[in-house]
Each structure stands twice: as C-alpha cells, then as structure tokens.
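Peer 1: Can you keep this structure in mind? I'll have questions shortly.
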Amino acid sequence: MIARQPNVTPGQVVGYFIAFDPLSGQRKWEVPLTDIPSSAGMLVTGGGLVFSGKPTGEFIALDEDTGKLVWQFKTGSSINATAITYTHKGRQFVSIASGMGGTLARRYVGGKVPTGGSLWTFALMSE
C-alpha cells in the first residue's frame with residue numbers, strides 16, 4: 001500500500017486540539033487545525049497551560065479553560081513530540097524537541113521546514 005497525501009484545500013479543517021472534562025466526558029473546547037494536522041502530544045500544567053506543537057515548528061501554549069492561544073514560539077523545525085515539564089531549584093521549566101520526523105510531518109511539510117534537531121527549554125513565569 002502506498003501512503004498518499006490527501007488533497008487539502010486552503011483553510012480546510014484537518015484536525016483539532018481538543019480538551020475534555022475527564023469527569024463528565026464532555027468537550028470543554030476545540031481549536032481547529034487548518035491545512036496541516038498535528039501529531040504532537042499535549043501537556044497540561046498545574047498552572048492552567050496546555051503545551052503542544054505544530055509540524056510547521058510553532059511551540060504553543062493554550063489556556064486550559066478556553067483553548068485560547070496565550071503564547072507561541074517558532075522553533076527551527078517540525079514539532080512531533082510531547083513537551084515535558086520539570087522543576088529545578090524551585091523554578092518550573094518546559095522543554096520540547098524540534099526536528100523533522102514521522103510520516104505526517106514529512107508528508108505535509110517535508111521540504112518546507114528544515115530537518116532541524118534541537119531541544120528548546122523555557123522557564124515559566126512565577127504566579
């Protein structure tokens with residue numbers, strides 16, 4: 001079987017970032033992804049941020065309650081991984097790997113995004 005890239009028209013919804021209430025099973029919010037789907041996982045922090053990424057290289061933070069974009073950073077390559085968070089000397093950090101990998105990223109952004117291969121770490125602001 002040969003994998004084929006589907007025909008996607010500009011602005012077409014091809015996936016969603018979605019948040020569910022784990023107790024009720026109800027959808028809290030959804031953010032449509034147009035043109036390019038995402039294969040990156042989602043990480044939720046205790047401070048109410050949801051981190052994820054896009055094959056085009058944007059590392060994003062969404063508001064846990066609304067799904068609104070609160071921050072983004074353009075990395076050098078595709079994001080297909082899940083972010084991690086940790087504390088060091090009382091400060092919280094979040095890290096994400098950026099680099100071309102996986103069938104989905106190669107299919108949609110191969111040749112348009114550098115292959116990369118980097119790790120980005122950000123310190124979260126204190127409350």
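We label chains A, B, ... in the order they appear in the structure tokens, count residues from 1 in each chain, and number ligands from 1 in the order shown.
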With a distance cut-off of 10 Å and only C-alpha atoms, select the neighbouring residues of segment 91-100 of chain A, excluding the residue or stretch itself and same-chain residues fewer than 3 positions from it, and output the selection as a PyMOL selection string.

Peer 2: chain A and resi 43+45+51-59+74-88+103-106+109-111+113-126

Peer 1: If you count only C-alpha atoms, which residues fall within 8 Å of Gly67 of chain A, apart from same-chain ones fewer than 4 positions away, as an MDAnalysis selection string?

Peer 2: chainID A and resid 19 29:31 62:63

Peer 1: Report, in Å to a single decimal, how far apart atom CA of Ile60 of chain A and atom CA of Ser24 of chain A are.

Peer 2: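 Separating atom CA of Ser24 of chain A from atom CA of Ile60 of chain A is a distance of 26.4 Å.
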
Peer 1: Skip Arg27 of chain A itself and residues of its chain fewer than 5 positions away, then list as a PyMOL selection string all residues within 12 Å of it, counting only C-alpha atoms.

Peer 2: chain A and resi 16-22+65-67

Peer 1: Using only C-alpha atoms, which of the listed residues (A:Gly15, A:Pro6, A:Gly25, A:Gly101) sits closest to Pro37 of chain A?

Peer 2: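 The answer is A:Gly15, which sits nearest to Pro37 of chain A.
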
Peer 1: Rounded to one decimal in Å, what is the spacing between atom CA of Gly47 of chain A and atom CA of Pro32 of chain A?

Peer 2: 23.4 Å

Peer 1: Mind the document's chain letters and residue numbers, and return as an MDAnalysis selection string the residues of chain A that DSSP labels strand (DSSP E).

Peer 2: chainID A and resid 13:20 27:34 43:44 49:53 58:63 69:74 84:88 91:99 116:123

Peer 1: Give me every helix (DSSP H, G or I) residue in segment 77-107 of chain A, going by DSSP on the backbone, as a PyMOL selection string.

Peer 2: chain A and resi 103-107

Peer 1: Please report the interatomic distance between atom CA of Thr9 of chain A and atom CA of Ile36 of chain A in Å with one decimal.

Peer 2: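 Computing it gives 10.4 Å between the two atoms.
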
Peer 1: Which one of A:Val8, A:Val70, A:Leu23, A:Leu33 sits closest to Gly48 of chain A if you count only C-alpha atoms?

Peer 2: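 Among the listed residues, the smallest separation from Gly48 of chain A belongs to A:Val70.
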